[in-house]
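*Asks:* One structure follows; several queries about it will come next.
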Amino acid sequence: MKARSVLAASAAVTCLALPALAEPQAEVLHWWTSGGEAKSVAVLQEEFAERGGTWTDMPVAGGGGDAAMTALRARVLSGNAPTAVQLKGPAIQEWYEEGVLADISEVAEAQGWADVLPDQLAAHMKCDGSWCAAPVNVHRINWIWGNKEILDANGIEMPTTWEEFNAAAEKLQAAGITPLAHGGQAWQDATVFETVVLGLGGAEFFQSALVDLDPEALGSDTMKAVFDEMRTLRGYVDDNFSGRDWNLATAMVMNGEAAFQIMGDWAKGEFLAAGKVPGEDFTCAPTPGEGFLYNVDSFAMFEVDGEDKQAGQALLAELIVGPSFQETFNLNKGSIPVRSDVSLEAFDMCAHISAEDMAADSENGSLLPSYAHGMALRGEPAGAITDVVTAHFNSEMSSDEAVEMLVNAVAAAQ
Ligand code: BGC
């Protein structure tokens with residue numbers, strides 16, 4: 001852990017308040033550019049405009065946000081930080097330690113966030129006890145999406161074990177159907193990998209390996225079995241998977257070009273934006289195994305000068321956690337509200353499964369932060385793991401070699 005600088009300490013005490021006569025302005029950096037994502041962020045833009053705000057959009061395409069984070073660094077280094085940034089997990093604290101985040105505690109306290117946000121998730125929004133990010137939603141990572149017609153036509157149920165998944169995939173392949181729609185980008189490989197870690201290893205193993213970075217777990221036979229399954233899954237993707245965007249993989253399932261996709265529930269936002277109905281056109285089921293991998297999108301406000309911008313930050317923070325935005329946004333986005341007091345009546349069956357599983361997994365200690373989506377680890381160890389996962393997926397590397405490389409890479413990154 002880096003020590004906090006003196007600059008950071010002074011940044012932490014600058015509080016955001018809504019100046020009386022200011023006209024709220026915000027330049028918002030985010031990576032919500034697919035069909036479902038764009039529809040979702042438009043909800044925030046509308047609410048912001050209704051309250052007299054002027055929104056300057058700074059979308060940086062690239063699923064998972066890697067490109068957006070590179071753009072953010074460039075902007076901050078040039079001394080011109082955007083007012084609000086889609087930022088999550090330990091990256092929030094990393095930026096806080098650089099002394100560049102604004103404190104949004106005043107808004108959080110006025111709006112009673114502590115009363116409506118689950119403690120485990122609220123903790124990600126805190127920096128040294130103050131509020132430094134506003135949470136948007138809860139995305140679940142460990143989902144399988146299926147094309148209903150293909151599955152029905154081939155007599156296939158949603159798999160509940162990885163063996164069943166493999167058996168279904170073999171059957172589909174024999175029938176000439178691509179079993180798994182996948183986009184060969186490192187973050188997508190990591191997304192699939194973490195669902196297999198959870199599925200084969202269980203919650204405690206996931207925690208030891210991908211949160212606590214325990215070398216024994218990372219080098220274990222269980223981890224070898226995970227890489228074996230990754231090799232098996234590699235055999236179920238089509239020849240053109242390399243570099244494909246996640247939403248194009250979702251479209252393959254939608255259009256009947258592939259049977260399954262393993263992806264967080266922003267994929268559902270994509271199905272919904274295309275007018276598809278869960279249970280009729282597509283199905284959702286947790287990936288095999290117990291547990292819930294969460295990914296909470298949030299926005300952090302960067303230190304900026306000017307009353308209008310600061311008013312924009314305060315207004316954005318208020319709207320983001322507000323109940324109306326939480327409902328409408330999440331209906332579009334595929335996620336569920338992070339507030340515990342928003343009714344789920346208007347939400348679909350997948351959202352209900354998500355909310356029920358989240359409550360149950362929170363009770364029994366299997367509500368876990370996603371490593372692949374930057375909720376569990378700081379940038380360096382997370383990047384080191386992903387490099388190994390993607391190198392293995394895209395080569396003939398053995399599981400023994402992958403596990404050895406994983407242990408070494410993680411040790412070097414700490
Ligand atoms: C974000 C989602 C986003 C997805 C694909 C994830 O890391 O949390 O909001 O839809 O990446 O871009």
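Please note that chains go A, B, ... in the order of the structure tokens, that every chain numbers its residues from 1, and that ligands are numbered from 1 in the order shown.
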Which residues of chain A come within 10 Å of ligand 1, and for each one, what is the closest pair of atoms and their distance in Å to one decimal, counting only C-alpha atoms and all ligand atoms, sorted by chain and residue number, as JSON lines?

*Replies:*
```
{"residue": "A:His30", "atom": "CA", "partner": "ligand 1", "partner_atom_place_in_ligand_line": "9 (O)", "distance": 9.1}
{"residue": "A:Trp31", "atom": "CA", "partner": "ligand 1", "partner_atom_place_in_ligand_line": "12 (O)", "distance": 6.2}
{"residue": "A:Trp32", "atom": "CA", "partner": "ligand 1", "partner_atom_place_in_ligand_line": "10 (O)", "distance": 6.1}
{"residue": "A:Thr33", "atom": "CA", "partner": "ligand 1", "partner_atom_place_in_ligand_line": "12 (O)", "distance": 7.7}
{"residue": "A:Ser34", "atom": "CA", "partner": "ligand 1", "partner_atom_place_in_ligand_line": "12 (O)", "distance": 7.7}
{"residue": "A:Gly36", "atom": "CA", "partner": "ligand 1", "partner_atom_place_in_ligand_line": "10 (O)", "distance": 8.3}
{"residue": "A:Glu37", "atom": "CA", "partner": "ligand 1", "partner_atom_place_in_ligand_line": "10 (O)", "distance": 6.1}
{"residue": "A:Ala38", "atom": "CA", "partner": "ligand 1", "partner_atom_place_in_ligand_line": "10 (O)", "distance": 9.5}
{"residue": "A:Ser40", "atom": "CA", "partner": "ligand 1", "partner_atom_place_in_ligand_line": "10 (O)", "distance": 9.7}
{"residue": "A:Val41", "atom": "CA", "partner": "ligand 1", "partner_atom_place_in_ligand_line": "9 (O)", "distance": 9.9}
{"residue": "A:Ala61", "atom": "CA", "partner": "ligand 1", "partner_atom_place_in_ligand_line": "12 (O)", "distance": 8.1}
{"residue": "A:Gly62", "atom": "CA", "partner": "ligand 1", "partner_atom_place_in_ligand_line": "12 (O)", "distance": 6.3}
{"residue": "A:Gly63", "atom": "CA", "partner": "ligand 1", "partner_atom_place_in_ligand_line": "12 (O)", "distance": 3.3}
{"residue": "A:Gly64", "atom": "CA", "partner": "ligand 1", "partner_atom_place_in_ligand_line": "11 (O)", "distance": 3.6}
{"residue": "A:Gly65", "atom": "CA", "partner": "ligand 1", "partner_atom_place_in_ligand_line": "7 (O)", "distance": 5.9}
{"residue": "A:Asp66", "atom": "CA", "partner": "ligand 1", "partner_atom_place_in_ligand_line": "7 (O)", "distance": 8.8}
{"residue": "A:Gln86", "atom": "CA", "partner": "ligand 1", "partner_atom_place_in_ligand_line": "9 (O)", "distance": 8.8}
{"residue": "A:Leu87", "atom": "CA", "partner": "ligand 1", "partner_atom_place_in_ligand_line": "8 (O)", "distance": 8.9}
{"residue": "A:Lys88", "atom": "CA", "partner": "ligand 1", "partner_atom_place_in_ligand_line": "8 (O)", "distance": 8.0}
{"residue": "A:Val136", "atom": "CA", "partner": "ligand 1", "partner_atom_place_in_ligand_line": "9 (O)", "distance": 9.2}
{"residue": "A:Asn137", "atom": "CA", "partner": "ligand 1", "partner_atom_place_in_ligand_line": "9 (O)", "distance": 8.6}
{"residue": "A:Val138", "atom": "CA", "partner": "ligand 1", "partner_atom_place_in_ligand_line": "8 (O)", "distance": 8.8}
{"residue": "A:His139", "atom": "CA", "partner": "ligand 1", "partner_atom_place_in_ligand_line": "8 (O)", "distance": 6.9}
{"residue": "A:Arg140", "atom": "CA", "partner": "ligand 1", "partner_atom_place_in_ligand_line": "8 (O)", "distance": 9.4}
{"residue": "A:Ile141", "atom": "CA", "partner": "ligand 1", "partner_atom_place_in_ligand_line": "6 (C)", "distance": 9.1}
{"residue": "A:Trp187", "atom": "CA", "partner": "ligand 1", "partner_atom_place_in_ligand_line": "7 (O)", "distance": 8.6}
{"residue": "A:Gln188", "atom": "CA", "partner": "ligand 1", "partner_atom_place_in_ligand_line": "5 (C)", "distance": 9.3}
{"residue": "A:Thr191", "atom": "CA", "partner": "ligand 1", "partner_atom_place_in_ligand_line": "7 (O)", "distance": 9.6}
{"residue": "A:Asp245", "atom": "CA", "partner": "ligand 1", "partner_atom_place_in_ligand_line": "12 (O)", "distance": 9.1}
{"residue": "A:Trp246", "atom": "CA", "partner": "ligand 1", "partner_atom_place_in_ligand_line": "5 (C)", "distance": 7.3}
{"residue": "A:Asn247", "atom": "CA", "partner": "ligand 1", "partner_atom_place_in_ligand_line": "5 (C)", "distance": 8.2}
{"residue": "A:Met263", "atom": "CA", "partner": "ligand 1", "partner_atom_place_in_ligand_line": "5 (C)", "distance": 9.1}
{"residue": "A:Gly264", "atom": "CA", "partner": "ligand 1", "partner_atom_place_in_ligand_line": "4 (C)", "distance": 7.5}
{"residue": "A:Asp265", "atom": "CA", "partner": "ligand 1", "partner_atom_place_in_ligand_line": "10 (O)", "distance": 8.0}
{"residue": "A:Trp266", "atom": "CA", "partner": "ligand 1", "partner_atom_place_in_ligand_line": "10 (O)", "distance": 4.9}
{"residue": "A:Ala267", "atom": "CA", "partner": "ligand 1", "partner_atom_place_in_ligand_line": "10 (O)", "distance": 7.7}
{"residue": "A:Lys268", "atom": "CA", "partner": "ligand 1", "partner_atom_place_in_ligand_line": "10 (O)", "distance": 9.9}
{"residue": "A:Gly269", "atom": "CA", "partner": "ligand 1", "partner_atom_place_in_ligand_line": "10 (O)", "distance": 8.4}
{"residue": "A:Glu270", "atom": "CA", "partner": "ligand 1", "partner_atom_place_in_ligand_line": "10 (O)", "distance": 9.4}
{"residue": "A:Tyr294", "atom": "CA", "partner": "ligand 1", "partner_atom_place_in_ligand_line": "8 (O)", "distance": 9.5}
{"residue": "A:Asn295", "atom": "CA", "partner": "ligand 1", "partner_atom_place_in_ligand_line": "8 (O)", "distance": 6.0}
{"residue": "A:Val296", "atom": "CA", "partner": "ligand 1", "partner_atom_place_in_ligand_line": "8 (O)", "distance": 6.5}
{"residue": "A:Asp297", "atom": "CA", "partner": "ligand 1", "partner_atom_place_in_ligand_line": "8 (O)", "distance": 5.1}
{"residue": "A:Ser298", "atom": "CA", "partner": "ligand 1", "partner_atom_place_in_ligand_line": "8 (O)", "distance": 8.5}
{"residue": "A:Lys333", "atom": "CA", "partner": "ligand 1", "partner_atom_place_in_ligand_line": "10 (O)", "distance": 7.5}
{"residue": "A:Gly334", "atom": "CA", "partner": "ligand 1", "partner_atom_place_in_ligand_line": "10 (O)", "distance": 8.8}
{"residue": "A:Ser335", "atom": "CA", "partner": "ligand 1", "partner_atom_place_in_ligand_line": "9 (O)", "distance": 8.5}
{"residue": "A:Ser370", "atom": "CA", "partner": "ligand 1", "partner_atom_place_in_ligand_line": "7 (O)", "distance": 9.6}
{"residue": "A:Ala372", "atom": "CA", "partner": "ligand 1", "partner_atom_place_in_ligand_line": "7 (O)", "distance": 8.0}
{"residue": "A:His373", "atom": "CA", "partner": "ligand 1", "partner_atom_place_in_ligand_line": "7 (O)", "distance": 4.9}
{"residue": "A:Gly374", "atom": "CA", "partner": "ligand 1", "partner_atom_place_in_ligand_line": "7 (O)", "distance": 7.5}
{"residue": "A:Met375", "atom": "CA", "partner": "ligand 1", "partner_atom_place_in_ligand_line": "7 (O)", "distance": 9.4}
```

*Asks:* Running DSSP on the backbone, which parts of range 160-222 of chain A land in strand (DSSP E or B), as a PyMOL selection string?

*Replies:* chain A and resi 178-180+184

*Asks:* Which residue gives the smallest distance to Phe165 in chain A among A:Gly199, A:Gly275, A:Gly99, A:Gly184, with only C-alpha atoms counted?

*Replies:*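 Answer, going by the shortest atom-to-atom distance: A:Gly199.
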
*Asks:* Measure the distance from CA of Lys39 in chain A to CA of Ala67 in chain A in Å and round it to one decimal.

*Replies:*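 Answer for the CA of Lys39 in chain A to CA of Ala67 in chain A separation: 20.4 Å.
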
*Asks:* I'd like the contact shell of Pro159 in chain A - 12 Å cut-off, only C-alpha atoms, skipping same-chain residues fewer than 4 positions apart - returned as a list in words.

*Replies:*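 Final neighbour list, sorted by chain and number: Trp143, Ile144, Trp145, Gly146, Leu151, Gly155, Glu163, Glu164, Phe165, Asn166, Ala167, Ala168, Ala169, Gly199, Phe260, Ile262, Thr283, Cys284, Ala285, Pro286, Thr287, Pro288 and Gly289 of chain A.
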
*Asks:* Which residues of range 267-336 of chain A sit at most 10 Å from range 46-51 of chain A, using only C-alpha atoms? Give each one's shortest atom pair and distance in Å (one decimal place), in chain and ascending residue order, as CSV.

*Replies:*
```
residue,atom,partner,partner_atom,distance
A:Gly312,CA,A:Phe48,CA,8.5
A:Leu315,CA,A:Phe48,CA,7.5
A:Leu316,CA,A:Phe48,CA,6.9
A:Leu319,CA,A:Glu47,CA,7.4
A:Ile320,CA,A:Glu47,CA,9.5
A:Ser324,CA,A:Glu47,CA,9.4
A:Phe325,CA,A:Glu47,CA,7.8
```

*Asks:* Identify which of the residues A:Asp115, A:Asp238, A:Asp189, A:Asp221 lies closest to Ile385 in chain A, counting only C-alpha atoms when measuring atom-to-atom distances.

*Replies:*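 Distance minimum relative to Ile385 in chain A lands on A:Asp189.
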
*Asks:* Please provide the set of residues having any atom within 9 Å of Gly243 in chain A, restricted to only C-alpha atoms, with same-chain residues fewer than 6 positions apart removed, written as a PyMOL selection string.

*Replies:* chain A and resi 183-186

*Asks:* Quick one: residues within 8 Å of Tyr371 in chain A, only C-alpha atoms counted, chain neighbours fewer than 4 positions away excluded, as a ChimeraX atom specification?

*Replies:* /A:194,210-211,375-377,382

*Asks:* CA of Ile353 in chain A and CA of Ile150 in chain A, how far apart in Å?

*Replies:*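 Here the two named atoms are 22.5 Å from each other.
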
*Asks:* Quick one: distance from CA of Arg339 in chain A to CA of Glu97 in chain A in Å, one decimal?

*Replies:* 27.0 Å

*Asks:* Can you list, as a list in words, every protein, DNA or RNA residue that comes within 7 Å of Val410 in chain A when you count only C-alpha atoms, leaving out same-chain residues fewer than 4 positions away?

*Replies:*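 Everything that qualifies: Pro381, Ala384, Ile385, Leu406 and Gln414 of chain A.
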